[in-house]
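Peer 1: Take a look at model-v3.pdb, PDB, C-alpha atoms, pLDDT in the B column:
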MODEL        1
ATOM      1  CA  MET R   1      42.878  -7.051  43.006  1.00 90.00           C
ATOM      2  CA  HIS R   2      44.521  -4.585  45.360  1.00 89.00           C
ATOM      3  CA  ALA R   3      42.435  -5.584  48.384  1.00 90.00           C
ATOM      4  CA  LEU R   4      42.804  -9.343  47.953  1.00 90.00           C
ATOM      5  CA  VAL R   5      46.080  -9.837  46.058  1.00 90.00           C
ATOM      6  CA  LEU R   6      48.404  -6.925  45.292  1.00 90.00           C
ATOM      7  CA  CYS R   7      48.420  -4.913  48.510  1.00 90.00           C
ATOM      8  CA  PRO R   8      51.921  -5.415  50.053  1.00 90.00           C
ATOM      9  CA  PHE R   9      50.348  -6.485  53.343  1.00 91.00           C
ATOM     10  CA  VAL R  10      48.103  -9.036  51.610  1.00 91.00           C
ATOM     11  CA  ALA R  11      51.006 -10.241  49.454  1.00 90.00           C
ATOM     12  CA  SER R  12      52.862 -11.078  52.689  1.00 89.00           C
ATOM     13  CA  VAL R  13      49.846 -13.046  53.927  1.00 90.00           C
ATOM     14  CA  TRP R  14      49.758 -15.213  50.782  1.00 89.00           C
ATOM     15  CA  LEU R  15      53.512 -15.768  50.769  1.00 86.00           C
ATOM     16  CA  ASP R  16      53.878 -16.474  54.503  1.00 84.00           C
ATOM     17  CA  SER R  17      50.966 -18.906  54.648  1.00 84.00           C
ATOM     18  CA  SER R  18      51.495 -22.619  54.044  1.00 80.00           C
ATOM     19  CA  LEU R  19      50.083 -22.063  50.535  1.00 83.00           C
ATOM     20  CA  CYS R  20      53.127 -19.865  49.799  1.00 82.00           C
ATOM     21  CA  PHE R  21      51.473 -18.134  46.836  1.00 82.00           C
ATOM     22  CA  PRO R  22      53.652 -15.452  45.161  1.00 81.00           C
ATOM     23  CA  VAL R  23      51.738 -12.472  43.752  1.00 82.00           C
ATOM     24  CA  HIS R  24      54.422 -10.620  41.771  1.00 79.00           C
ATOM     25  CA  ASP R  25      53.258 -12.256  38.518  1.00 76.00           C
ATOM     26  CA  PHE R  26      49.758 -10.751  38.741  1.00 82.00           C
ATOM     27  CA  HIS R  27      50.292  -6.978  38.463  1.00 82.00           C
ATOM     28  CA  SER R  28      48.683  -6.925  35.019  1.00 84.00           C
ATOM     29  CA  SER R  29      46.147  -9.672  35.704  1.00 86.00           C
ATOM     30  CA  THR R  30      42.574  -9.888  36.911  1.00 88.00           C
ATOM     31  CA  LEU R  31      41.254 -11.587  40.017  1.00 87.00           C
ATOM     32  CA  LEU R  32      39.844 -14.333  37.798  1.00 88.00           C
ATOM     33  CA  ASP R  33      43.373 -14.947  36.473  1.00 85.00           C
ATOM     34  CA  CYS R  34      44.572 -15.456  40.044  1.00 83.00           C
ATOM     35  CA  LEU R  35      41.756 -17.818  40.914  1.00 83.00           C
ATOM     36  CA  ASP R  36      42.363 -19.779  37.724  1.00 83.00           C
ATOM     37  CA  ARG R  37      46.098 -20.118  38.455  1.00 80.00           C
ATOM     38  CA  TRP R  38      45.784 -20.825  42.175  1.00 79.00           C
ATOM     39  CA  LEU R  39      42.676 -23.004  42.258  1.00 80.00           C
ATOM     40  CA  VAL R  40      41.584 -24.333  38.859  1.00 79.00           C
ATOM     41  CA  ASN R  41      45.033 -25.231  37.496  1.00 73.00           C
ATOM     42  CA  ALA R  42      46.325 -26.176  40.930  1.00 60.00           C
ATOM     43  CA  THR R  43      43.652 -28.714  41.898  1.00 55.00           C
ATOM     44  CA  ALA R  44      45.956 -31.564  40.862  1.00 53.00           C
ATOM     45  CA  TYR R  45      48.244 -30.865  43.800  1.00 63.00           C
ATOM     46  CA  LEU R  46      46.208 -28.757  46.253  1.00 72.00           C
ATOM     47  CA  SER R  47      44.692 -30.801  49.068  1.00 76.00           C
ATOM     48  CA  ASP R  48      41.169 -30.235  50.380  1.00 77.00           C
ATOM     49  CA  ASP R  49      42.674 -28.599  53.486  1.00 78.00           C
ATOM     50  CA  SER R  50      44.665 -26.179  51.315  1.00 82.00           C
ATOM     51  CA  ILE R  51      41.537 -25.172  49.402  1.00 84.00           C
ATOM     52  CA  LYS R  52      39.716 -24.603  52.705  1.00 85.00           C
ATOM     53  CA  LEU R  53      42.635 -22.496  53.922  1.00 86.00           C
ATOM     54  CA  PHE R  54      42.477 -20.439  50.712  1.00 88.00           C
ATOM     55  CA  ALA R  55      38.816 -19.596  51.349  1.00 89.00           C
ATOM     56  CA  ASP R  56      39.455 -18.773  55.006  1.00 89.00           C
ATOM     57  CA  LEU R  57      42.424 -16.561  54.112  1.00 91.00           C
ATOM     58  CA  ILE R  58      40.132 -14.546  51.816  1.00 92.00           C
ATOM     59  CA  TRP R  59      37.710 -14.131  54.721  1.00 91.00           C
ATOM     60  CA  SER R  60      40.492 -13.241  57.168  1.00 91.00           C
ATOM     61  CA  ILE R  61      42.037 -10.701  54.763  1.00 93.00           C
ATOM     62  CA  CYS R  62      38.666  -8.975  54.305  1.00 92.00           C
ATOM     63  CA  ASN R  63      38.052  -9.023  58.047  1.00 89.00           C
ATOM     64  CA  SER R  64      41.477  -7.523  58.751  1.00 90.00           C
ATOM     65  CA  ARG R  65      40.933  -4.796  56.138  1.00 90.00           C
ATOM     66  CA  ASN R  66      37.556  -3.872  57.630  1.00 88.00           C
ATOM     67  CA  ASN R  67      39.078  -3.710  61.112  1.00 85.00           C
ATOM     68  CA  LEU R  68      41.778  -1.365  59.827  1.00 87.00           C
ATOM     69  CA  ILE R  69      39.380   0.937  57.955  1.00 87.00           C
ATOM     70  CA  PHE R  70      36.485   1.061  60.407  1.00 87.00           C
ATOM     71  CA  SER R  71      38.097   0.282  63.783  1.00 83.00           C
ATOM     72  CA  LYS R  72      41.693   1.464  63.191  1.00 84.00           C
ATOM     73  CA  LYS R  73      42.960  -1.948  64.327  1.00 82.00           C
ATOM     74  CA  ASN R  74      46.173  -2.903  62.567  1.00 81.00           C
ATOM     75  CA  LYS R  75      47.172  -6.587  62.596  1.00 79.00           C
ATOM     76  CA  ASN R  76      50.280  -8.263  61.198  1.00 85.00           C
ATOM     77  CA  PRO R  77      50.194 -10.964  58.452  1.00 86.00           C
ATOM     78  CA  SER R  78      50.784 -13.817  60.920  1.00 83.00           C
ATOM     79  CA  HIS R  79      47.639 -12.798  62.826  1.00 84.00           C
ATOM     80  CA  VAL R  80      45.595 -12.932  59.611  1.00 88.00           C
ATOM     81  CA  ILE R  81      46.960 -16.418  58.850  1.00 85.00           C
ATOM     82  CA  SER R  82      46.299 -17.640  62.402  1.00 81.00           C
ATOM     83  CA  LYS R  83      42.722 -16.346  62.208  1.00 82.00           C
ATOM     84  CA  ALA R  84      42.169 -18.313  58.986  1.00 85.00           C
ATOM     85  CA  ARG R  85      43.585 -21.513  60.478  1.00 80.00           C
ATOM     86  CA  PHE R  86      41.390 -21.045  63.543  1.00 76.00           C
ATOM     87  CA  MET R  87      38.325 -20.942  61.298  1.00 77.00           C
ATOM     88  CA  ILE R  88      39.208 -24.387  59.898  1.00 71.00           C
ATOM     89  CA  ILE R  89      39.472 -25.846  63.408  1.00 66.00           C
ATOM     90  CA  PHE R  90      36.342 -23.984  64.545  1.00 64.00           C
ATOM     91  CA  ARG R  91      34.275 -25.574  61.748  1.00 65.00           C
ATOM     92  CA  ASN R  92      35.738 -29.008  62.479  1.00 62.00           C
ATOM     93  CA  PRO R  93      36.523 -29.445  66.210  1.00 50.00           C
ATOM     94  CA  THR R  94      38.060 -32.869  65.559  1.00 49.00           C
ATOM     95  CA  VAL R  95      40.974 -31.246  63.720  1.00 46.00           C
ATOM     96  CA  SER R  96      44.057 -31.090  65.897  1.00 46.00           C
ATOM     97  CA  ALA R  97      47.032 -28.808  65.376  1.00 43.00           C
ATOM     98  CA  SER R  98      50.018 -30.735  64.052  1.00 46.00           C
ATOM     99  CA  PRO R  99      53.211 -29.874  62.171  1.00 48.00           C
ATOM    100  CA  PHE R 100      52.752 -33.032  60.126  1.00 50.00           C
ATOM    101  CA  ILE R 101      50.761 -33.220  56.904  1.00 49.00           C
ATOM    102  CA  ASN R 102      48.327 -36.038  56.144  1.00 52.00           C
ATOM    103  CA  VAL R 103      49.672 -38.785  53.922  1.00 55.00           C
ATOM    104  CA  ILE R 104      48.331 -38.734  50.386  1.00 58.00           C
ATOM    105  CA  GLY R 105      48.751 -41.793  48.167  1.00 60.00           C
ATOM    106  CA  ALA R 106      49.553 -41.208  44.501  1.00 60.00           C
ATOM    107  CA  THR R 107      50.295 -43.372  41.473  1.00 62.00           C
ATOM    108  CA  THR R 108      51.870 -40.626  39.346  1.00 72.00           C
ATOM    109  CA  TRP R 109      54.341 -37.891  40.275  1.00 81.00           C
ATOM    110  CA  MET R 110      52.848 -34.443  40.699  1.00 84.00           C
ATOM    111  CA  PRO R 111      54.759 -31.173  41.139  1.00 83.00           C
ATOM    112  CA  PRO R 112      54.483 -29.272  44.428  1.00 83.00           C
ATOM    113  CA  SER R 113      52.789 -25.907  44.903  1.00 79.00           C
ATOM    114  CA  PRO R 114      54.786 -22.758  44.102  1.00 76.00           C
ATOM    115  CA  CYS R 115      57.543 -22.013  46.675  1.00 79.00           C
ATOM    116  CA  TRP R 116      57.564 -25.647  47.820  1.00 85.00           C
ATOM    117  CA  ILE R 117      60.226 -28.266  47.075  1.00 91.00           C
ATOM    118  CA  LYS R 118      59.259 -31.921  46.702  1.00 92.00           C
ATOM    119  CA  CYS R 119      61.939 -34.390  47.811  1.00 94.00           C
ATOM    120  CA  ASN R 120      61.572 -37.892  46.372  1.00 94.00           C
ATOM    121  CA  THR R 121      63.564 -40.623  48.127  1.00 95.00           C
ATOM    122  CA  ASP R 122      64.117 -44.314  47.553  1.00 93.00           C
ATOM    123  CA  GLY R 123      66.222 -47.056  49.126  1.00 91.00           C
ATOM    124  CA  ALA R 124      67.075 -50.633  48.176  1.00 89.00           C
ATOM    125  CA  PHE R 125      68.579 -53.631  49.981  1.00 87.00           C
ATOM    126  CA  ASP R 126      69.501 -57.136  48.803  1.00 84.00           C
ATOM    127  CA  HIS R 127      69.134 -59.778  51.538  1.00 81.00           C
ATOM    128  CA  VAL R 128      71.498 -62.187  49.746  1.00 83.00           C
ATOM    129  CA  SER R 129      74.455 -59.984  48.789  1.00 84.00           C
ATOM    130  CA  LEU R 130      73.709 -57.300  51.420  1.00 83.00           C
ATOM    131  CA  ALA R 131      74.232 -54.735  48.661  1.00 86.00           C
ATOM    132  CA  ASN R 132      72.339 -51.533  49.249  1.00 87.00           C
ATOM    133  CA  GLY R 133      71.878 -48.014  48.005  1.00 88.00           C
ATOM    134  CA  ALA R 134      69.591 -45.028  48.101  1.00 91.00           C
ATOM    135  CA  GLY R 135      69.048 -41.709  46.447  1.00 92.00           C
ATOM    136  CA  TYR R 136      66.962 -38.579  46.402  1.00 94.00           C
ATOM    137  CA  ILE R 137      66.009 -35.715  44.103  1.00 95.00           C
ATOM    138  CA  MET R 138      64.567 -32.283  44.887  1.00 95.00           C
ATOM    139  CA  ARG R 139      62.230 -30.594  42.394  1.00 92.00           C
ATOM    140  CA  ASP R 140      60.185 -27.403  42.379  1.00 87.00           C
ATOM    141  CA  TYR R 141      56.700 -26.598  41.027  1.00 82.00           C
ATOM    142  CA  ALA R 142      58.160 -26.197  37.520  1.00 82.00           C
ATOM    143  CA  ARG R 143      59.526 -29.772  37.753  1.00 85.00           C
ATOM    144  CA  LYS R 144      63.073 -28.383  37.723  1.00 85.00           C
ATOM    145  CA  PRO R 145      65.579 -30.468  39.751  1.00 88.00           C
ATOM    146  CA  SER R 146      67.540 -28.403  42.263  1.00 88.00           C
ATOM    147  CA  PHE R 147      69.601 -31.154  43.913  1.00 90.00           C
ATOM    148  CA  CYS R 148      70.037 -34.923  43.717  1.00 91.00           C
ATOM    149  CA  ALA R 149      72.417 -37.502  45.162  1.00 91.00           C
ATOM    150  CA  PRO R 150      73.114 -41.265  45.228  1.00 90.00           C
ATOM    151  CA  ILE R 151      74.063 -42.745  48.611  1.00 86.00           C
ATOM    152  CA  THR R 152      75.660 -45.976  49.853  1.00 82.00           C
ATOM    153  CA  PHE R 153      76.098 -46.989  53.484  1.00 82.00           C
ATOM    154  CA  GLU R 154      76.051 -49.972  55.839  1.00 83.00           C
ATOM    155  CA  VAL R 155      72.500 -51.120  56.497  1.00 83.00           C
ATOM    156  CA  TYR R 156      70.834 -54.448  57.236  1.00 85.00           C
ATOM    157  CA  SER R 157      67.245 -54.098  56.035  1.00 88.00           C
ATOM    158  CA  PRO R 158      65.120 -52.376  53.377  1.00 88.00           C
ATOM    159  CA  LYS R 159      63.490 -50.274  56.118  1.00 90.00           C
ATOM    160  CA  GLU R 160      66.861 -49.002  57.269  1.00 91.00           C
ATOM    161  CA  SER R 161      67.834 -48.153  53.692  1.00 92.00           C
ATOM    162  CA  GLU R 162      64.613 -46.182  53.139  1.00 93.00           C
ATOM    163  CA  THR R 163      65.136 -44.427  56.490  1.00 93.00           C
ATOM    164  CA  ARG R 164      68.660 -43.431  55.495  1.00 92.00           C
ATOM    165  CA  ALA R 165      67.373 -41.893  52.272  1.00 94.00           C
ATOM    166  CA  ILE R 166      64.821 -39.773  54.163  1.00 94.00           C
ATOM    167  CA  TRP R 167      67.478 -38.843  56.751  1.00 93.00           C
ATOM    168  CA  GLU R 168      69.890 -37.716  54.038  1.00 93.00           C
ATOM    169  CA  VAL R 169      67.398 -35.548  52.142  1.00 94.00           C
ATOM    170  CA  LEU R 170      66.212 -33.828  55.332  1.00 94.00           C
ATOM    171  CA  LYS R 171      69.812 -33.154  56.336  1.00 93.00           C
ATOM    172  CA  LYS R 172      70.451 -31.615  52.906  1.00 93.00           C
ATOM    173  CA  ALA R 173      67.256 -29.544  53.164  1.00 92.00           C
ATOM    174  CA  ILE R 174      68.573 -28.024  56.393  1.00 91.00           C
ATOM    175  CA  GLU R 175      71.963 -27.344  54.808  1.00 91.00           C
ATOM    176  CA  LEU R 176      70.212 -25.562  51.923  1.00 89.00           C
ATOM    177  CA  GLN R 177      67.966 -23.707  54.428  1.00 87.00           C
ATOM    178  CA  LEU R 178      64.773 -24.945  52.786  1.00 88.00           C
ATOM    179  CA  THR R 179      61.615 -24.280  54.802  1.00 83.00           C
ATOM    180  CA  HIS R 180      58.745 -25.537  52.602  1.00 87.00           C
ATOM    181  CA  ILE R 181      59.443 -29.168  51.737  1.00 89.00           C
ATOM    182  CA  ILE R 182      57.443 -32.314  50.983  1.00 90.00           C
ATOM    183  CA  ILE R 183      58.925 -35.778  51.458  1.00 91.00           C
ATOM    184  CA  GLU R 184      57.624 -38.362  48.997  1.00 91.00           C
ATOM    185  CA  SER R 185      58.605 -42.015  49.347  1.00 91.00           C
ATOM    186  CA  ASP R 186      57.285 -45.455  48.431  1.00 89.00           C
ATOM    187  CA  ALA R 187      58.075 -46.639  51.993  1.00 90.00           C
ATOM    188  CA  LYS R 188      54.447 -46.210  53.078  1.00 88.00           C
ATOM    189  CA  THR R 189      54.942 -47.777  56.520  1.00 88.00           C
ATOM    190  CA  LEU R 190      57.664 -45.258  57.367  1.00 90.00           C
ATOM    191  CA  ILE R 191      55.754 -42.276  55.985  1.00 87.00           C
ATOM    192  CA  ASP R 192      52.616 -43.301  57.885  1.00 86.00           C
ATOM    193  CA  GLN R 193      54.643 -43.640  61.086  1.00 88.00           C
ATOM    194  CA  PHE R 194      56.405 -40.276  60.740  1.00 87.00           C
ATOM    195  CA  SER R 195      53.221 -38.458  59.696  1.00 82.00           C
ATOM    196  CA  LEU R 196      51.597 -39.598  62.936  1.00 83.00           C
ATOM    197  CA  GLY R 197      54.519 -38.153  64.890  1.00 85.00           C
ATOM    198  CA  ASN R 198      55.842 -41.569  65.937  1.00 89.00           C
ATOM    199  CA  PHE R 199      59.647 -41.592  65.872  1.00 90.00           C
ATOM    200  CA  GLU R 200      60.331 -44.726  67.911  1.00 90.00           C
ATOM    201  CA  GLY R 201      62.634 -47.224  66.132  1.00 89.00           C
ATOM    202  CA  ASN R 202      64.588 -50.370  66.871  1.00 88.00           C
ATOM    203  CA  GLN R 203      68.234 -50.466  67.975  1.00 87.00           C
ATOM    204  CA  ARG R 204      69.447 -49.735  64.427  1.00 86.00           C
ATOM    205  CA  THR R 205      66.903 -47.143  63.385  1.00 89.00           C
ATOM    206  CA  ASP R 206      66.002 -45.319  66.607  1.00 91.00           C
ATOM    207  CA  ALA R 207      68.833 -42.769  66.343  1.00 92.00           C
ATOM    208  CA  LEU R 208      67.935 -42.102  62.690  1.00 92.00           C
ATOM    209  CA  PHE R 209      64.259 -41.696  63.598  1.00 93.00           C
ATOM    210  CA  LYS R 210      65.150 -39.212  66.349  1.00 92.00           C
ATOM    211  CA  ASP R 211      67.313 -37.234  63.918  1.00 92.00           C
ATOM    212  CA  ILE R 212      64.465 -37.143  61.389  1.00 92.00           C
ATOM    213  CA  SER R 213      62.147 -35.815  64.098  1.00 90.00           C
ATOM    214  CA  PHE R 214      64.745 -33.184  65.008  1.00 89.00           C
ATOM    215  CA  PHE R 215      65.310 -32.166  61.385  1.00 89.00           C
TER     216      PHE R 215
ENDMDL
END
Now that the file is in, can you turn its structure into structure tokens?
Peer 2:
Amino acid sequence: MHALVLCPFVASVWLDSSLCFPVHDFHSSTLLDCLDRWLVNATAYLSDDSIKLFADLIWSICNSRNNLIFSKKNKNPSHVISKARFMIIFRNPTVSASPFINVIGATTWMPPSPCWIKCNTDGAFDHVSLANGAGYIMRDYARKPSFCAPITFEVYSPKESETRAIWEVLKKAIELQLTHIIIESDAKTLIDQFSLGNFEGNQRTDALFKDISFF
């Protein structure tokens, strides 16, 4: 437990990684308790890549500990995380480094991993009356809402309305200084486009797209 979970150095590795696993709840637990909480009960929302990263972090933590004990080489937590991510790419050369996460389709809402905030957005537009509106809600792994807002503005298409909703929630995330966020929307075309790193829009959406890329 100390070597893989509770050591302050290792705790920083788990918390600073994209998994963002906190360890303070496990001081009176066993390693099996950790694995059960992090992997067995978390499979509903952990992606295959996250599970691979978990395994590679274990390897990288052990490797770093051995280097410290036997070779007196002291590395920082970010080096341990980078080593684990390198192992994923090394096993699969087709993987490319990207700040964007693969799109995952879902039919039911699932909570995010611990330390992450899921931001659900939606927009609507009526072609006849030109009425429109949008909204968003932020929730944590315990399903607790932390912020929500309804929005109205001047738009001329459903796509623009959905874009505005995503723009607004990202702007709020920056204001709240959130660093681990997931955007979930039913505007699949937009999400696919942004996830591929394509932020080119038309004359009405291009500025919004560029802002979203900047955010």
Peer 1: Where does the PyMOL selection byres ((chain R and resi 124) around 10) land in this file, that is, which residues does it pick, as a PyMOL selection string?
Peer 2: chain R and resi 122-123+125-127+130-135+152+155+157-162+165
Peer 1: Take the PyMOL selection byres ((chain R and resi 177-182) around 6), apply it to the structure above, and return the hits as a list in words.
Peer 2: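 When the PyMOL selection byres ((chain R and resi 177-182) around 6) is applied to the shown file, the picked residues are Trp116, Ile117, Lys118, Cys119, Ala173, Ile174, Glu175, Leu176 and Ile183 of chain R.
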Peer 1: To one decimal in Å, tell me the separation between CA of Phe26 in chain R and CA of Lys83 in chain R.
Peer 2: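 Separating CA of Phe26 in chain R from CA of Lys83 in chain R is a distance of 25.1 Å.
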Peer 1: From the list R:Ala187, R:Met1, R:Leu19, R:Met138, which residue is nearest Leu39 in chain R when using only C-alpha atoms?
Peer 2: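 The answer is R:Leu19, which sits nearest to Leu39 in chain R.
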Peer 1: Could you tell me how far CA of Cys34 in chain R lies from CA of Pro22 in chain R, in Å and to one decimal?
Peer 2: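 Separation between CA of Cys34 in chain R and CA of Pro22 in chain R: 10.4 Å.
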Peer 1: Pick the closest to Ile151 in chain R from R:Ser195, R:Ser50, R:Thr121, R:Ser129: which is it, counting all atoms listed in the file?
Peer 2: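 Ranking R:Ser195, R:Ser50, R:Thr121, R:Ser129 by distance to Ile151 in chain R, first place goes to R:Thr121.
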Peer 1: As a check of understanding, name the residues that the PyMOL selection byres ((chain R and resi 10-14) around 10) selects in the supplied structure, as a PyMOL selection string.
Peer 2: chain R and resi 2-9+15-24+54+57-58+60-62+64-65+76-81
Peer 1: Centre and edge lengths, as lines of an AutoDock Vina configuration file, for the axis-aligned box enclosing every listed atom of range 174-178 of chain R with 6 Å of padding on each of the six sides, in Å to one decimal?
Peer 2:
center_x = 68.4
center_y = -25.9
center_z = 54.2
size_x = 19.2
size_y = 16.3
size_z = 16.5
Peer 1: I'd like the interatomic distance between CA of Ala142 in chain R and CA of Trp167 in chain R, to a tenth of an Å.
Peer 2: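 Going from CA of Ala142 in chain R over to CA of Trp167 in chain R covers 24.8 Å.
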Peer 1: Please work out which residues fall within 8 Å of (38.2, -19.5, 37.2), coordinates as given in the file, with all atoms listed in the file counting, and return them as a ChimeraX atom specification.
Peer 2: /R:32-33,35-36,39-40
Peer 1: Between R:Ile88, R:Thr163, R:His27, R:Lys52, which has the minimum distance to Lys188 in chain R (counting only C-alpha atoms)?
Peer 2: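 Ranked by minimum distance to Lys188 in chain R, first place goes to R:Thr163.
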